[in-house]
$ cat input.csv   # CSV, C-alpha atoms
chain,number,residue,atom,x,y,z
Y,1,MET,CA,-3.1,-31.9,5.9
Y,2,THR,CA,-1.5,-28.4,6.1
Y,3,ASP,CA,-2.6,-25.3,8.0
Y,4,ALA,CA,-4.2,-22.2,6.5
Y,5,ALA,CA,-1.0,-20.2,6.6
Y,6,SER,CA,0.7,-22.5,4.1
Y,7,PRO,CA,2.5,-20.7,1.3
Y,8,TYR,CA,1.4,-23.4,-1.2
Y,9,PRO,CA,-1.7,-23.3,-3.3
Y,10,PRO,CA,-4.5,-25.6,-2.0
Y,11,LEU,CA,-5.2,-29.0,-3.6
Y,12,ASP,CA,-8.0,-31.3,-2.6
Y,13,LEU,CA,-7.0,-34.9,-3.2
Y,14,LEU,CA,-9.7,-37.5,-3.7
Y,15,ILE,CA,-8.2,-41.0,-3.4
Y,16,ALA,CA,-10.1,-43.9,-4.9
Y,17,ALA,CA,-10.9,-47.1,-2.9
Y,18,PRO,CA,-10.5,-49.8,-3.8
Y,19,ARG,CA,-7.2,-49.2,-5.7
Y,20,GLY,CA,-3.9,-50.9,-6.2
Y,21,PHE,CA,-3.0,-54.5,-5.7
Y,22,CYS,CA,-5.7,-57.2,-6.3
Y,23,ALA,CA,-5.6,-60.7,-4.8
Y,24,GLY,CA,-4.2,-62.2,-8.0
Y,25,VAL,CA,-1.3,-59.8,-8.1
Y,26,ASP,CA,-0.6,-60.2,-4.4
Y,27,ARG,CA,-0.6,-64.0,-4.8
Y,28,ALA,CA,1.8,-63.8,-7.8
Y,29,ILE,CA,4.3,-61.6,-6.0
Y,30,ILE,CA,4.2,-63.9,-2.9
Y,31,ILE,CA,4.8,-66.9,-5.1
Y,32,VAL,CA,8.1,-65.4,-6.4
Y,33,GLU,CA,9.1,-64.3,-2.9
Y,34,ARG,CA,8.4,-67.7,-1.4
Y,35,ALA,CA,10.2,-69.5,-4.2
Y,36,LEU,CA,13.3,-67.4,-3.5
Y,37,GLU,CA,13.0,-68.3,0.2
Y,38,LYS,CA,12.6,-72.0,-0.6
Y,39,TYR,CA,15.1,-72.5,-3.5
Y,40,GLY,CA,17.4,-69.5,-3.0
Y,41,PRO,CA,18.3,-67.2,-5.9
Y,42,PRO,CA,18.2,-67.2,-8.7
Y,43,VAL,CA,14.5,-67.9,-9.5
Y,44,TYR,CA,13.6,-67.3,-13.1
Y,45,VAL,CA,10.3,-65.7,-14.1
Y,46,ARG,CA,8.9,-66.0,-17.6
Y,47,HIS,CA,7.6,-62.5,-18.6
Y,48,GLU,CA,6.9,-59.8,-16.0
Y,49,ILE,CA,5.2,-61.4,-13.0
Y,50,VAL,CA,2.9,-58.4,-13.1
Y,51,HIS,CA,2.9,-55.2,-15.2
Y,52,ASN,CA,4.7,-52.9,-12.9
Y,53,LYS,CA,8.4,-51.9,-13.1
Y,54,PHE,CA,8.7,-51.0,-9.4
Y,55,VAL,CA,7.5,-54.5,-8.5
Y,56,VAL,CA,9.7,-56.2,-11.0
Y,57,ASP,CA,12.8,-54.2,-10.0
Y,58,SER,CA,12.1,-55.0,-6.3
Y,59,LEU,CA,11.9,-58.8,-7.1
Y,60,LYS,CA,15.1,-58.5,-9.2
Y,61,ALA,CA,16.9,-57.1,-6.2
Y,62,LYS,CA,15.9,-60.2,-4.2
Y,63,GLY,CA,17.3,-62.5,-6.9
Y,64,ALA,CA,14.5,-63.0,-9.5
Y,65,VAL,CA,15.6,-63.1,-13.1
Y,66,PHE,CA,13.0,-62.1,-15.7
Y,67,VAL,CA,13.1,-63.7,-19.2
Y,68,GLU,CA,10.8,-63.6,-22.2
Y,69,GLU,CA,10.9,-67.3,-23.2
Y,70,LEU,CA,11.5,-70.6,-21.5
Y,71,ASP,CA,14.6,-71.4,-23.5
Y,72,GLU,CA,16.4,-68.6,-21.6
Y,73,VAL,CA,16.0,-70.5,-18.4
Y,74,PRO,CA,19.0,-72.7,-17.5
Y,75,ALA,CA,18.6,-76.3,-16.4
Y,76,ASP,CA,18.1,-77.1,-12.7
Y,77,VAL,CA,16.6,-73.8,-11.6
Y,78,PRO,CA,13.0,-73.1,-10.8
Y,79,VAL,CA,10.8,-71.0,-13.0
Y,80,VAL,CA,7.6,-69.0,-12.3
Y,81,PHE,CA,4.9,-68.3,-14.9
Y,82,SER,CA,3.4,-64.8,-14.7
Y,83,ALA,CA,0.0,-63.9,-13.3
Y,84,HIS,CA,-1.4,-63.3,-16.9
Y,85,GLY,CA,-1.3,-67.0,-17.7
Y,86,VAL,CA,0.6,-69.0,-20.3
Y,87,PRO,CA,-0.3,-71.3,-23.3
Y,88,LYS,CA,-0.4,-75.0,-22.5
Y,89,SER,CA,2.8,-75.5,-24.5
Y,90,VAL,CA,4.9,-73.6,-21.9
Y,91,PRO,CA,4.4,-75.9,-18.9
Y,92,ALA,CA,4.6,-78.9,-21.3
Y,93,ALA,CA,8.0,-77.6,-22.5
Y,94,ALA,CA,9.1,-77.1,-18.8
Y,95,GLU,CA,8.2,-80.7,-18.0
Y,96,GLU,CA,10.0,-82.0,-21.0
Y,97,ARG,CA,13.1,-80.2,-19.8
Y,98,GLY,CA,12.6,-81.4,-16.2
Y,99,LEU,CA,12.3,-77.9,-14.9
Y,100,ASP,CA,10.6,-77.2,-11.5
Y,101,TYR,CA,7.9,-74.6,-12.3
Y,102,LEU,CA,5.4,-72.7,-10.3
Y,103,ASP,CA,2.3,-71.3,-12.0
Y,104,ALA,CA,1.4,-67.8,-10.7
Y,105,THR,CA,-1.6,-67.5,-13.1
Y,106,CYS,CA,-4.4,-65.5,-11.4
Y,107,PRO,CA,-7.1,-68.0,-10.5
Y,108,LEU,CA,-9.7,-65.8,-12.3
Y,109,VAL,CA,-7.7,-66.1,-15.5
Y,110,SER,CA,-7.4,-69.8,-14.9
Y,111,LYS,CA,-11.2,-69.9,-14.7
Y,112,VAL,CA,-11.4,-68.3,-18.2
Y,113,HIS,CA,-8.9,-71.0,-19.4
Y,114,ARG,CA,-11.2,-73.8,-18.1
Y,115,GLN,CA,-14.3,-72.2,-19.7
Y,116,ALA,CA,-12.5,-72.0,-23.0
Y,117,GLU,CA,-11.7,-75.7,-22.8
Y,118,ARG,CA,-15.3,-76.6,-22.0
Y,119,GLN,CA,-16.7,-74.5,-24.8
Y,120,VAL,CA,-14.4,-76.2,-27.3
Y,121,GLU,CA,-15.2,-79.6,-25.9
Y,122,ALA,CA,-18.9,-78.8,-26.5
Y,123,GLY,CA,-18.1,-78.1,-30.1
Y,124,ARG,CA,-18.5,-74.4,-30.0
Y,125,HIS,CA,-16.4,-71.7,-31.7
Y,126,ILE,CA,-15.3,-69.0,-29.2
Y,127,LEU,CA,-15.4,-65.3,-29.9
Y,128,PHE,CA,-12.9,-63.9,-27.4
Y,129,ILE,CA,-13.1,-60.3,-26.5
Y,130,GLY,CA,-9.7,-58.9,-25.7
Y,131,HIS,CA,-6.6,-57.0,-26.9
Y,132,LYS,CA,-4.3,-58.6,-29.5
Y,133,GLY,CA,-0.9,-59.4,-28.1
Y,134,HIS,CA,-1.8,-59.0,-24.4
Y,135,PRO,CA,-0.2,-61.9,-22.4
Y,136,GLU,CA,-3.5,-62.9,-21.0
Y,137,VAL,CA,-5.0,-63.2,-24.5
Y,138,VAL,CA,-2.0,-65.2,-25.8
Y,139,GLY,CA,-2.3,-67.5,-22.8
Y,140,THR,CA,-6.0,-68.1,-23.3
Y,141,PHE,CA,-5.7,-68.8,-27.0
Y,142,GLY,CA,-3.0,-71.3,-26.1
Y,143,GLN,CA,-5.5,-73.4,-24.1
Y,144,VAL,CA,-7.4,-74.6,-27.1
Y,145,PRO,CA,-6.5,-75.8,-30.6
Y,146,ASP,CA,-5.6,-73.3,-33.3
Y,147,GLY,CA,-8.7,-71.9,-35.0
Y,148,ALA,CA,-11.0,-72.7,-32.1
Y,149,MET,CA,-11.2,-69.0,-31.1
Y,150,THR,CA,-11.5,-65.7,-32.9
Y,151,LEU,CA,-10.4,-62.4,-31.3
Y,152,ILE,CA,-12.9,-59.5,-31.1
Y,153,GLU,CA,-11.2,-56.2,-30.1
Y,154,THR,CA,-13.9,-53.6,-31.1
Y,155,GLU,CA,-17.5,-53.1,-31.7
Y,156,ASP,CA,-16.7,-53.0,-35.5
Y,157,ASP,CA,-15.1,-56.5,-35.1
Y,158,ALA,CA,-18.3,-57.7,-33.5
Y,159,ARG,CA,-20.4,-56.3,-36.3
Y,160,ALA,CA,-18.1,-57.7,-39.0
Y,161,ILE,CA,-17.4,-61.3,-37.8
Y,162,GLN,CA,-19.0,-63.9,-40.1
Y,163,PRO,CA,-18.6,-67.3,-38.2
Y,164,ALA,CA,-19.0,-70.5,-40.1
Y,165,ASP,CA,-21.7,-71.8,-37.7
Y,166,PRO,CA,-23.5,-68.8,-36.2
Y,167,ALA,CA,-25.8,-71.1,-34.2
Y,168,ASN,CA,-22.9,-72.7,-32.4
Y,169,LEU,CA,-20.9,-70.0,-30.7
Y,170,GLY,CA,-19.7,-69.0,-27.2
Y,171,TYR,CA,-17.9,-65.9,-26.0
Y,172,LEU,CA,-15.4,-65.2,-23.3
Y,173,THR,CA,-13.5,-62.0,-22.3
Y,174,GLN,CA,-10.1,-60.9,-21.1
Y,175,THR,CA,-10.3,-60.1,-17.3
Y,176,THR,CA,-9.0,-56.5,-17.4
Y,177,LEU,CA,-11.2,-54.8,-20.0
Y,178,SER,CA,-13.4,-51.8,-19.8
Y,179,VAL,CA,-16.7,-52.9,-18.3
Y,180,ASP,CA,-18.7,-50.4,-20.5
Y,181,ASP,CA,-16.9,-51.2,-23.7
Y,182,THR,CA,-17.2,-54.9,-23.2
Y,183,ALA,CA,-20.9,-54.6,-22.5
Y,184,ALA,CA,-21.4,-52.8,-25.8
Y,185,ILE,CA,-19.5,-55.5,-27.7
Y,186,ILE,CA,-21.4,-58.3,-26.0
Y,187,GLY,CA,-24.7,-56.5,-26.8
Y,188,ILE,CA,-23.8,-56.5,-30.5
Y,189,LEU,CA,-22.8,-60.2,-30.4
Y,190,GLU,CA,-26.0,-61.2,-28.6
Y,191,ALA,CA,-28.1,-59.3,-31.0
Y,192,ARG,CA,-26.5,-60.8,-34.0
Y,193,PHE,CA,-26.2,-64.3,-32.6
Y,194,PRO,CA,-29.1,-64.9,-30.2
Y,195,GLU,CA,-27.9,-68.5,-29.4
Y,196,ILE,CA,-24.4,-67.5,-28.4
Y,197,ILE,CA,-23.4,-69.0,-25.0
Y,198,ALA,CA,-22.3,-66.6,-22.3
Y,199,PRO,CA,-19.6,-67.4,-19.8
Y,200,LYS,CA,-20.7,-68.8,-16.4
Y,201,GLY,CA,-20.3,-65.7,-14.3
Y,202,GLU,CA,-18.6,-62.4,-15.3
Y,203,ASP,CA,-15.2,-62.8,-16.9
Y,204,ILE,CA,-14.0,-59.3,-16.2
Y,205,CYS,CA,-12.5,-59.7,-12.7
Y,206,TYR,CA,-13.9,-58.2,-9.5
Y,207,ALA,CA,-10.9,-56.0,-9.1
Y,208,THR,CA,-11.1,-54.4,-12.6
Y,209,SER,CA,-14.8,-53.7,-12.1
Y,210,ASN,CA,-14.4,-52.3,-8.6
Y,211,ARG,CA,-11.5,-50.0,-9.6
Y,212,GLN,CA,-13.4,-48.7,-12.6
Y,213,ALA,CA,-16.5,-48.1,-10.5
Y,214,ALA,CA,-14.4,-46.2,-7.9
Y,215,VAL,CA,-12.9,-44.0,-10.6
Y,216,LYS,CA,-16.3,-43.2,-12.1
Y,217,ALA,CA,-17.6,-42.1,-8.7
Y,218,MET,CA,-14.5,-40.0,-7.9
Y,219,ALA,CA,-13.8,-38.4,-11.3
Y,220,GLN,CA,-17.1,-36.6,-11.6
Y,221,ASP,CA,-15.9,-34.4,-8.7
Y,222,CYS,CA,-12.4,-33.9,-10.0
Y,223,ASP,CA,-10.7,-31.5,-12.4
Y,224,ALA,CA,-8.1,-34.1,-13.2
Y,225,VAL,CA,-7.2,-37.7,-12.3
Y,226,LEU,CA,-3.8,-39.3,-12.0
Y,227,VAL,CA,-3.7,-43.1,-12.5
Y,228,ILE,CA,-0.6,-44.8,-11.1
Y,229,GLY,CA,0.3,-47.8,-13.3
Y,230,ALA,CA,2.4,-49.1,-16.1
Y,231,PRO,CA,1.9,-48.2,-19.8
Y,232,ASN,CA,1.5,-51.9,-20.6
Y,233,SER,CA,-1.0,-52.5,-17.9
Y,234,SER,CA,-4.5,-53.0,-19.5
Y,235,ASN,CA,-6.4,-52.4,-16.3
Y,236,SER,CA,-4.5,-49.1,-15.6
Y,237,LEU,CA,-5.2,-47.8,-19.2
Y,238,ARG,CA,-8.9,-48.6,-18.7
Y,239,LEU,CA,-8.9,-46.4,-15.5
Y,240,VAL,CA,-7.6,-43.5,-17.5
Y,241,GLU,CA,-10.4,-44.0,-20.0
Y,242,CYS,CA,-13.0,-44.2,-17.2
Y,243,ALA,CA,-11.9,-41.0,-15.7
Y,244,GLU,CA,-12.0,-39.1,-19.0
Y,245,ARG,CA,-15.5,-40.5,-19.8
Y,246,ALA,CA,-16.6,-39.2,-16.4
Y,247,GLY,CA,-15.5,-35.7,-17.4
Y,248,ALA,CA,-12.0,-35.3,-15.9
Y,249,LYS,CA,-8.8,-35.0,-17.8
Y,250,ALA,CA,-6.6,-38.0,-16.9
Y,251,GLN,CA,-3.0,-39.1,-17.1
Y,252,LEU,CA,-1.1,-42.3,-16.5
Y,253,ILE,CA,2.1,-42.1,-14.4
Y,254,GLN,CA,4.4,-44.7,-12.9
Y,255,ARG,CA,6.1,-42.8,-10.1
Y,256,GLY,CA,5.9,-39.5,-8.2
Y,257,ALA,CA,8.8,-38.2,-10.3
Y,258,GLU,CA,6.7,-38.4,-13.5
Y,259,ILE,CA,4.1,-35.9,-12.3
Y,260,ASP,CA,3.7,-33.1,-14.8
Y,261,PHE,CA,3.1,-30.0,-12.6
Y,262,GLY,CA,2.4,-27.9,-15.7
Y,263,TRP,CA,-0.5,-30.2,-16.6
Y,264,LEU,CA,-1.9,-29.7,-13.0
Y,265,GLU,CA,-2.0,-25.9,-13.4
Y,266,GLY,CA,-5.5,-24.7,-12.5
Y,267,VAL,CA,-6.4,-28.0,-11.0
Y,268,ARG,CA,-8.1,-27.6,-7.6
Y,269,THR,CA,-9.5,-31.1,-7.1
Y,270,LEU,CA,-7.3,-34.0,-8.1
Y,271,GLY,CA,-8.3,-37.7,-8.1
Y,272,ILE,CA,-5.7,-40.5,-7.5
Y,273,THR,CA,-6.1,-44.2,-8.2
Y,274,ALA,CA,-3.7,-47.1,-8.9
Y,275,GLY,CA,-4.0,-50.0,-11.2
Y,276,ALA,CA,-4.2,-53.6,-9.9
Y,277,SER,CA,-0.4,-54.1,-10.3
Y,278,ALA,CA,0.6,-50.9,-8.5
Y,279,PRO,CA,1.6,-51.1,-4.8
Y,280,GLU,CA,0.3,-48.7,-2.2
Y,281,VAL,CA,3.9,-47.3,-1.6
Y,282,LEU,CA,3.7,-45.7,-5.0
Y,283,VAL,CA,0.4,-44.0,-4.1
Y,284,ARG,CA,2.0,-42.5,-1.0
Y,285,GLU,CA,5.0,-41.5,-3.1
Y,286,VAL,CA,2.7,-39.5,-5.5
Y,287,VAL,CA,0.9,-37.9,-2.6
Y,288,ASP,CA,4.2,-36.9,-1.0
Y,289,ALA,CA,5.4,-35.4,-4.3
Y,290,LEU,CA,2.2,-33.3,-4.5
Y,291,ALA,CA,2.5,-32.2,-0.9
Y,292,ALA,CA,5.9,-30.7,-1.7
Y,293,ARG,CA,4.1,-28.3,-4.0
Y,294,PHE,CA,0.6,-27.9,-2.7
Y,295,ALA,CA,-1.3,-27.5,0.6
Y,296,VAL,CA,-2.9,-31.0,0.3
Y,297,THR,CA,-6.1,-32.1,1.9
Y,298,GLU,CA,-6.9,-35.8,1.4
Y,299,ARG,CA,-10.2,-37.6,1.3
Y,300,THR,CA,-11.0,-41.2,0.4
Y,301,VAL,CA,-13.8,-42.0,-2.0
Y,302,GLU,CA,-14.8,-45.6,-1.2
Y,303,THR,CA,-17.2,-47.6,-3.3
Y,304,ALA,CA,-16.5,-51.2,-2.3
Y,305,ARG,CA,-14.4,-53.2,0.1
Y,306,GLU,CA,-12.4,-56.2,-1.0
Y,307,ASN,CA,-11.4,-59.2,1.2
Y,308,ILE,CA,-10.6,-61.8,-1.4
Y,309,ALA,CA,-7.4,-63.9,-1.0
Y,310,PHE,CA,-6.3,-66.8,-3.2
Y,311,LYS,CA,-4.5,-70.0,-2.0
Y,312,LEU,CA,-0.8,-70.4,-2.9
Y,313,PRO,CA,0.5,-73.5,-4.8
Y,314,LYS,CA,1.3,-76.5,-2.7
Y,315,GLY,CA,4.7,-76.4,-1.1
Y,316,LEU,CA,4.7,-72.6,-0.7
Y,317,GLU,CA,2.2,-72.3,2.1
Y,318,VAL,CA,3.5,-71.0,5.4
Y,319,ALA,CA,4.0,-73.9,7.8
$ encode --input "input.csv" --output "structure tokens"
Amino acid sequence: MTDAASPYPPLDLLIAAPRGFCAGVDRAIIIVERALEKYGPPVYVRHEIVHNKFVVDSLKAKGAVFVEELDEVPADVPVVFSAHGVPKSVPAAAEERGLDYLDATCPLVSKVHRQAERQVEAGRHILFIGHKGHPEVVGTFGQVPDGAMTLIETEDDARAIQPADPANLGYLTQTTLSVDDTAAIIGILEARFPEIIAPKGEDICYATSNRQAAVKAMAQDCDAVLVIGAPNSSNSLRLVECAERAGAKAQLIQRGAEIDFGWLEGVRTLGITAGASAPEVLVREVVDALAARFAVTERTVETARENIAFKLPKGLEVA
């Protein structure tokens, strides 16, 4: 907050709540940190533990080593699997090599994995709504035999799919999708295949839904919205889309240094949110960078409160 005599132009900041870290991300980071305490560095991590460079770099500084594939992990060192989940072949390969491994897969992603297994055991073909190549999609496809699932990315895909047995289908979704886009795709599938089996409970996770709802509520009062997150973060990209659909121009940034002040010209009310992998320290960094150029007034727009926490794997709990 600055006084009326400030030489800087005024800027009203609306800050979305909830924002930033979700329980699954928090758990994954703690798993790496506890593994470093228990085993000592280095602890290897297969893929980015979460999609955020600041978080990854912070863990690297503590002794975590990030690799793309398991064969890059030396013998006799522990390895952590990322929050996005891995195909069954990965822990199987770790066991074959005798590696100690810790699975940091978000429990809500694991829930989708178990549902995929049950759908296939029931003899159904799964239509999986998600983004090709995303680690969560790769991991979920790796829970079931080849050919047991078909990826649906768009409404056009949903209209075009011609399954061999239309009366024996189920669908599941990636946890970090657009709530609105996914609902539209599901609507098409249910209209075309009335007997399709829905998942038990919503697959899109609570944190994704809550952050999108907060942005929708905030963006209608904003000229522009900054979303703090990584360019490979699905949930962060969906927040940009939500803000734009609500009528505000929106931009994804990773750090305060990436703010495009030319883009902010003429903006009097700016919304800020953060994807589920972005820590609160980056939100404050962005606010501080704005406060160096504007007379900032902050207000929180809260649409939900979150108090979810997930258990850690055995052996990593605090004594």
$ residues_near_point --input "input.csv" --point "(-1.9, -41.6, -19.1)" --cutoff "12 Å" --atoms "only C-alpha atoms" --output "PyMOL selection string"
chain Y and resi 224-234+236-244+249-254+258-260+263+273-275
$ closest_residue --input "input.csv" --among "Y:Glu72, Y:Glu302, Y:Glu265, Y:Asp203" --to "Lys111 of chain Y" --atoms "only C-alpha atoms"
Y:Asp203
$ closest_residue --input "input.csv" --among "Y:Lys200, Y:Lys88, Y:His51, Y:His113" --to "Asn235 of chain Y" --atoms "only C-alpha atoms"
Y:His51
$ residues_around --input "input.csv" --residues "Val286 of chain Y" --least-positions-apart "3" --cutoff "7 Å" --atoms "all atoms listed in the file" --output "PyMOL selection string"
chain Y and resi 255-256+282-283+289-290
$ closest_residue --input "input.csv" --among "Y:Val267, Y:Ala219, Y:Leu312, Y:Ala248" --to "Ala16 of chain Y" --atoms "only C-alpha atoms"
Y:Ala219
$ closest_residue --input "input.csv" --among "Y:Ala184, Y:Pro78, Y:Ala304, Y:Phe193" --to "Pro163 of chain Y" --atoms "all atoms listed in the file"
Y:Phe193
$ residues_around --input "input.csv" --residues "Glu136 of chain Y" --least-positions-apart "5" --cutoff "12 Å" --atoms "all atoms listed in the file" --output "count of residues only"
34
$ atom_distance --input "input.csv" --atom1 "atom CA of Gln220 of chain Y" --atom2 "atom CA of Thr297 of chain Y"
18.0 Å
$ atom_distance --input "input.csv" --atom1 "atom CA of Ala276 of chain Y" --atom2 "atom CA of Ala213 of chain Y"
13.5 Å
$ residues_around --input "input.csv" --residues "Glu190 of chain Y" --least-positions-apart "3" --cutoff "12 Å" --atoms "all atoms listed in the file" --output "CSV table (one decimal) with C-alpha atoms, in the frame of the given file"
chain,number,residue,atom,x,y,z
Y,127,LEU,CA,-15.4,-65.3,-29.9
Y,158,ALA,CA,-18.3,-57.7,-33.5
Y,159,ARG,CA,-20.4,-56.3,-36.3
Y,166,PRO,CA,-23.5,-68.8,-36.2
Y,167,ALA,CA,-25.8,-71.1,-34.2
Y,169,LEU,CA,-20.9,-70.0,-30.7
Y,170,GLY,CA,-19.7,-69.0,-27.2
Y,171,TYR,CA,-17.9,-65.9,-26.0
Y,183,ALA,CA,-20.9,-54.6,-22.5
Y,184,ALA,CA,-21.4,-52.8,-25.8
Y,185,ILE,CA,-19.5,-55.5,-27.7
Y,186,ILE,CA,-21.4,-58.3,-26.0
Y,187,GLY,CA,-24.7,-56.5,-26.8
Y,193,PHE,CA,-26.2,-64.3,-32.6
Y,194,PRO,CA,-29.1,-64.9,-30.2
Y,195,GLU,CA,-27.9,-68.5,-29.4
Y,196,ILE,CA,-24.4,-67.5,-28.4
Y,197,ILE,CA,-23.4,-69.0,-25.0
Y,198,ALA,CA,-22.3,-66.6,-22.3
